[in-house]
>>> print(open('run06.cif').read())   # mmCIF, C-alpha atoms
data_upload
loop_
_atom_site.label_atom_id
_atom_site.label_comp_id
_atom_site.auth_asym_id
_atom_site.auth_seq_id
_atom_site.Cartn_x
_atom_site.Cartn_y
_atom_site.Cartn_z
CA LYS A 1 108.15 238.37 209.43
CA ASN A 2 110.86 235.79 210.06
CA GLU A 3 109.82 232.17 210.29
CA VAL A 4 111.83 231.85 213.52
CA GLU A 5 111.72 234.64 216.07
CA GLN A 6 113.77 234.84 219.24
CA SER A 7 113.41 237.06 222.28
CA PRO A 8 115.05 238.90 223.78
CA GLN A 9 117.72 239.96 221.31
CA ASN A 10 120.04 240.94 224.16
CA LEU A 11 120.01 239.81 227.76
CA THR A 12 122.24 240.83 230.64
CA ALA A 13 122.12 238.91 233.91
CA GLN A 14 123.97 238.66 237.18
CA GLU A 15 125.79 235.47 238.05
CA GLY A 16 123.42 233.00 239.65
CA GLU A 17 120.26 234.26 238.00
CA PHE A 18 117.77 231.99 236.22
CA ILE A 19 117.67 232.83 232.51
CA THR A 20 115.02 232.19 229.88
CA ILE A 21 115.36 232.67 226.15
CA ASN A 22 112.30 232.24 223.98
CA CYS A 23 111.82 231.02 220.42
CA SER A 24 108.63 231.10 218.35
CA TYR A 25 108.20 229.68 214.89
CA SER A 26 105.49 229.96 212.31
CA VAL A 27 106.02 226.87 210.15
CA GLY A 28 105.61 223.14 210.54
CA ILE A 29 108.76 221.56 211.86
CA SER A 30 110.29 218.15 212.35
CA ALA A 31 112.63 219.32 215.12
CA LEU A 32 113.86 222.40 216.92
CA HIS A 33 117.50 223.04 217.74
CA TRP A 34 119.25 225.22 220.28
CA LEU A 35 122.83 226.17 219.47
CA GLN A 36 125.49 228.16 221.29
CA GLN A 37 128.04 230.47 219.70
CA HIS A 38 130.95 231.72 221.76
CA PRO A 39 133.01 234.79 220.87
CA GLY A 40 135.31 233.80 218.04
CA GLY A 41 132.55 232.17 216.05
CA GLY A 42 132.37 228.45 216.73
CA ILE A 43 128.83 227.09 217.00
CA VAL A 44 127.91 223.98 218.94
CA SER A 45 124.63 222.17 219.12
CA LEU A 46 123.07 222.10 222.60
CA PHE A 47 119.75 220.36 222.03
CA MET A 48 117.57 218.91 219.35
CA LEU A 49 113.98 218.28 220.40
CA SER A 50 110.67 217.50 218.80
CA SER A 51 108.53 217.28 221.93
CA GLY A 52 108.62 217.75 225.68
CA LYS A 53 111.75 218.68 227.53
CA LYS A 54 115.46 217.93 227.59
CA LYS A 55 118.04 218.69 230.28
CA HIS A 56 121.79 218.81 230.14
CA GLY A 57 123.55 220.05 233.24
CA ARG A 58 122.23 223.54 234.00
CA LEU A 59 120.53 223.85 230.62
CA ILE A 60 116.91 222.92 230.04
CA ALA A 61 115.04 223.12 226.73
CA THR A 62 111.30 222.80 226.35
CA ILE A 63 109.00 222.81 223.37
CA ASN A 64 105.25 223.24 223.00
CA ILE A 65 104.32 221.99 219.55
CA GLN A 66 100.73 223.26 219.69
CA GLU A 67 101.84 226.80 220.55
CA LYS A 68 104.91 226.64 218.26
CA HIS A 69 107.12 227.85 221.04
CA SER A 70 110.32 226.74 222.72
CA SER A 71 112.29 228.02 225.67
CA LEU A 72 115.89 227.60 226.73
CA HIS A 73 116.50 227.95 230.45
CA ILE A 74 119.82 228.33 232.21
CA THR A 75 119.83 227.74 235.95
CA ALA A 76 122.47 229.26 238.25
CA SER A 77 123.97 231.26 235.40
CA HIS A 78 127.72 231.79 235.24
CA PRO A 79 129.90 234.24 233.28
CA ARG A 80 131.08 231.34 231.10
CA ASP A 81 127.49 231.04 229.84
CA SER A 82 127.97 234.36 228.05
CA ALA A 83 127.43 233.60 224.38
CA VAL A 84 124.95 233.94 221.54
CA TYR A 85 122.16 231.38 221.75
CA ILE A 86 120.52 230.48 218.47
CA CYS A 87 117.23 228.74 217.83
CA ALA A 88 116.81 226.84 214.56
CA VAL A 89 114.14 224.58 213.08
CA SER A 90 114.32 221.72 210.63
CA ARG A 91 111.33 221.33 208.41
CA GLY A 92 111.66 218.25 206.33
CA THR A 93 113.25 214.87 206.32
CA SER A 94 116.40 214.26 208.33
CA GLY A 95 119.46 215.92 206.89
CA SER A 96 117.40 218.85 205.71
CA ARG A 97 118.40 222.45 205.93
CA LEU A 98 117.85 224.53 209.06
CA THR A 99 116.10 227.88 209.39
CA PHE A 100 117.68 230.07 212.05
CA GLY A 101 116.53 232.76 214.41
CA GLU A 102 118.64 235.89 214.77
CA GLY A 103 120.14 234.79 218.04
CA THR A 104 120.12 236.10 221.60
CA GLN A 105 123.27 237.70 222.99
CA LEU A 106 123.57 236.69 226.65
CA THR A 107 126.00 238.42 228.99
CA VAL A 108 126.35 237.13 232.53
CA ASN A 109 128.21 239.48 234.84
CA PRO A 110 130.10 238.24 237.90
CA ASP B 1 134.79 213.95 217.83
CA VAL B 2 133.57 215.46 214.61
CA LYS B 3 135.95 218.02 213.27
CA VAL B 4 135.07 220.65 210.70
CA THR B 5 137.91 222.94 209.69
CA GLN B 6 137.97 226.06 207.57
CA SER B 7 140.99 227.27 205.65
CA SER B 8 141.30 230.70 207.28
CA ARG B 9 139.99 232.43 210.41
CA TYR B 10 140.49 235.92 208.97
CA LEU B 11 140.80 237.00 205.38
CA VAL B 12 141.14 240.42 203.76
CA LYS B 13 140.56 240.76 200.03
CA ARG B 14 140.07 243.56 197.54
CA THR B 15 136.98 244.25 195.47
CA GLY B 16 136.99 242.19 192.30
CA GLU B 17 139.29 239.46 193.58
CA LYS B 18 138.33 235.81 193.28
CA VAL B 19 138.09 234.31 196.77
CA PHE B 20 138.15 230.66 197.77
CA LEU B 21 136.94 229.50 201.17
CA GLU B 22 137.56 225.86 201.96
CA CYS B 23 135.87 223.56 204.41
CA VAL B 24 136.98 220.07 205.35
CA GLN B 25 135.20 217.55 207.57
CA ASP B 26 136.67 214.32 208.84
CA MET B 27 133.59 212.24 209.63
CA ASP B 28 132.39 211.09 206.24
CA HIS B 29 129.35 213.37 206.33
CA GLU B 30 127.33 213.50 203.16
CA ASN B 31 125.66 216.84 203.85
CA MET B 32 127.68 220.04 203.84
CA PHE B 33 126.52 223.65 204.11
CA TRP B 34 127.85 227.18 203.65
CA TYR B 35 126.29 230.04 205.64
CA ARG B 36 126.99 233.68 206.11
CA GLN B 37 126.25 235.41 209.39
CA ASP B 38 125.54 239.12 209.66
CA PRO B 39 124.43 241.20 212.66
CA GLY B 40 120.66 241.36 212.91
CA LEU B 41 120.17 238.77 210.17
CA GLY B 42 121.41 235.59 211.76
CA LEU B 43 122.70 232.66 209.74
CA ARG B 44 121.60 232.50 206.13
CA LEU B 45 122.19 229.52 203.86
CA ILE B 46 124.20 230.20 200.72
CA TYR B 47 124.57 226.70 199.24
CA PHE B 48 124.44 223.13 200.41
CA SER B 49 125.53 219.79 199.06
CA TYR B 50 124.17 216.36 199.86
CA ASP B 51 126.74 214.35 197.92
CA VAL B 52 129.90 214.67 195.86
CA LYS B 53 129.34 216.88 192.83
CA MET B 54 125.79 217.66 193.99
CA LYS B 55 124.84 221.16 195.07
CA GLU B 56 121.70 223.12 195.74
CA LYS B 57 121.11 226.84 196.13
CA GLY B 58 120.19 228.15 199.51
CA ASP B 59 118.49 231.42 200.33
CA ILE B 60 121.21 233.81 199.13
CA PRO B 61 123.30 232.17 196.37
CA GLU B 62 123.81 235.29 194.26
CA GLY B 63 127.47 236.16 193.86
CA TYR B 64 128.65 232.76 195.09
CA SER B 65 129.40 229.36 193.66
CA VAL B 66 130.51 226.09 195.26
CA SER B 67 132.51 223.02 194.45
CA ARG B 68 132.43 219.56 195.95
CA GLU B 69 134.86 217.25 194.19
CA LYS B 70 135.55 215.09 197.24
CA LYS B 71 133.20 214.05 200.01
CA GLU B 72 135.22 215.68 202.78
CA ARG B 73 135.75 219.04 201.09
CA PHE B 74 133.26 221.78 200.22
CA SER B 75 134.54 225.02 198.74
CA LEU B 76 132.79 228.37 198.54
CA ILE B 77 133.87 230.67 195.72
CA LEU B 78 133.31 234.38 195.40
CA GLU B 79 133.90 234.95 191.69
CA SER B 80 134.37 238.72 192.04
CA ALA B 81 134.33 239.85 195.66
CA SER B 82 132.31 242.90 196.56
CA THR B 83 132.16 244.95 199.75
CA ASN B 84 128.68 243.65 200.56
CA GLN B 85 130.18 240.19 200.86
CA THR B 86 132.10 241.26 203.95
CA SER B 87 130.78 238.83 206.55
CA MET B 88 131.41 235.84 208.76
CA TYR B 89 131.26 232.63 206.73
CA LEU B 90 130.48 229.36 208.46
CA CYS B 91 130.65 225.86 207.09
CA ALA B 92 128.73 222.94 208.57
CA SER B 93 128.24 219.26 207.93
CA SER B 94 125.83 216.60 209.05
CA TYR B 95 125.37 212.86 209.06
CA PRO B 96 122.87 211.48 206.62
CA GLY B 97 119.60 210.81 208.41
CA THR B 98 120.10 213.41 211.14
CA ASP B 99 119.42 217.14 211.47
CA THR B 100 122.28 218.01 213.83
CA GLN B 101 124.88 220.08 212.05
CA TYR B 102 128.52 220.41 213.09
CA PHE B 103 130.06 223.80 212.46
CA GLY B 104 133.52 224.97 211.58
CA PRO B 105 135.14 227.89 213.43
CA GLY B 106 134.17 230.43 210.76
CA THR B 107 136.07 232.73 208.44
CA ARG B 108 135.71 236.46 208.91
CA LEU B 109 136.08 237.91 205.42
CA THR B 110 136.64 241.60 204.84
CA VAL B 111 136.39 242.93 201.29
CA LEU B 112 137.96 246.36 200.84
#
>>> encode(input="run06.cif", output="structure tokens")
Amino acid sequence: KNEVEQSPQNLTAQEGEFITINCSYSVGISALHWLQQHPGGGIVSLFMLSSGKKKHGRLIATINIQEKHSSLHITASHPRDSAVYICAVSRGTSGSRLTFGEGTQLTVNP
Amino acid sequence: DVKVTQSSRYLVKRTGEKVFLECVQDMDHENMFWYRQDPGLGLRLIYFSYDVKMKEKGDIPEGYSVSREKKERFSLILESASTNQTSMYLCASSYPGTDTQYFGPGTRLTVL
């Protein structure tokens, strides 16, 4: 069993829909990261959180430390949100290596 | 803005060739990482380096080596490429004292 599990693996939505991607982890962590990978490969960091909730534009990330679970929400989804969303955890001191989930392929149709 | 560049976006090599993948970052990061990404497996760490001339094995170092002679440059070397090393290779770097990693655009390597 992977230390970081994401669901669903693939998600197709219509433009405007509210989207949720889930991440569960089985190890102690210092922080959880959400990353976005567009076609072509480049990966950008969306959020790093260790408790509570963060919001950036239409993206919201939450984490429940007790349940070892995080969610990434996208409100009013748009075709440009189509990408792979990756959950990762850091487990040690800052600057430590990350452990990644397999990613969720999101497709938003117009 | 942090910029991480990789020497090639696409590369085709033959089995047995020695392959060099280069990564350069321009923000004086001490930590640098090499990953490979395969469908269904996600990103897996090959090697990382936390300082010049320092390196540590990641989860899948077999068949790879690395070199870090200068702070800004981290090279991944496939001593004798094999078909099972066909993959997307991603380099990343991070500031000391933070967990956020900045990724390069990736190199899609095909070994024939």
>>> resolve_selection(input="run06.cif", expression="the PyMOL selection byres ((chain B) within 12 of (chain A))", output="ChimeraX atom specification")
/B:2-6,9-10,29-51,56-59,87-108
>>> atom_distance(input="run06.cif", atom1="atom CA of Leu112 of chain B", atom2="atom CA of Arg14 of chain B")
4.8 Å
>>> atom_distance(input="run06.cif", atom1="atom CA of Leu109 of chain B", atom2="atom CA of Ser65 of chain B")
16.0 Å
>>> axis_aligned_box(input="run06.cif", around="segment 81-100 of chain B", padding_each_side="5 Å", output="AutoDock Vina command-line options")
--center_x 126.9 --center_y 227.9 --center_z 204.7 --size_x 24.9 --size_y 44.1 --size_z 28.2
>>> atom_distance(input="run06.cif", atom1="atom CA of Val27 of chain A", atom2="atom CA of Val84 of chain A")
23.2 Å
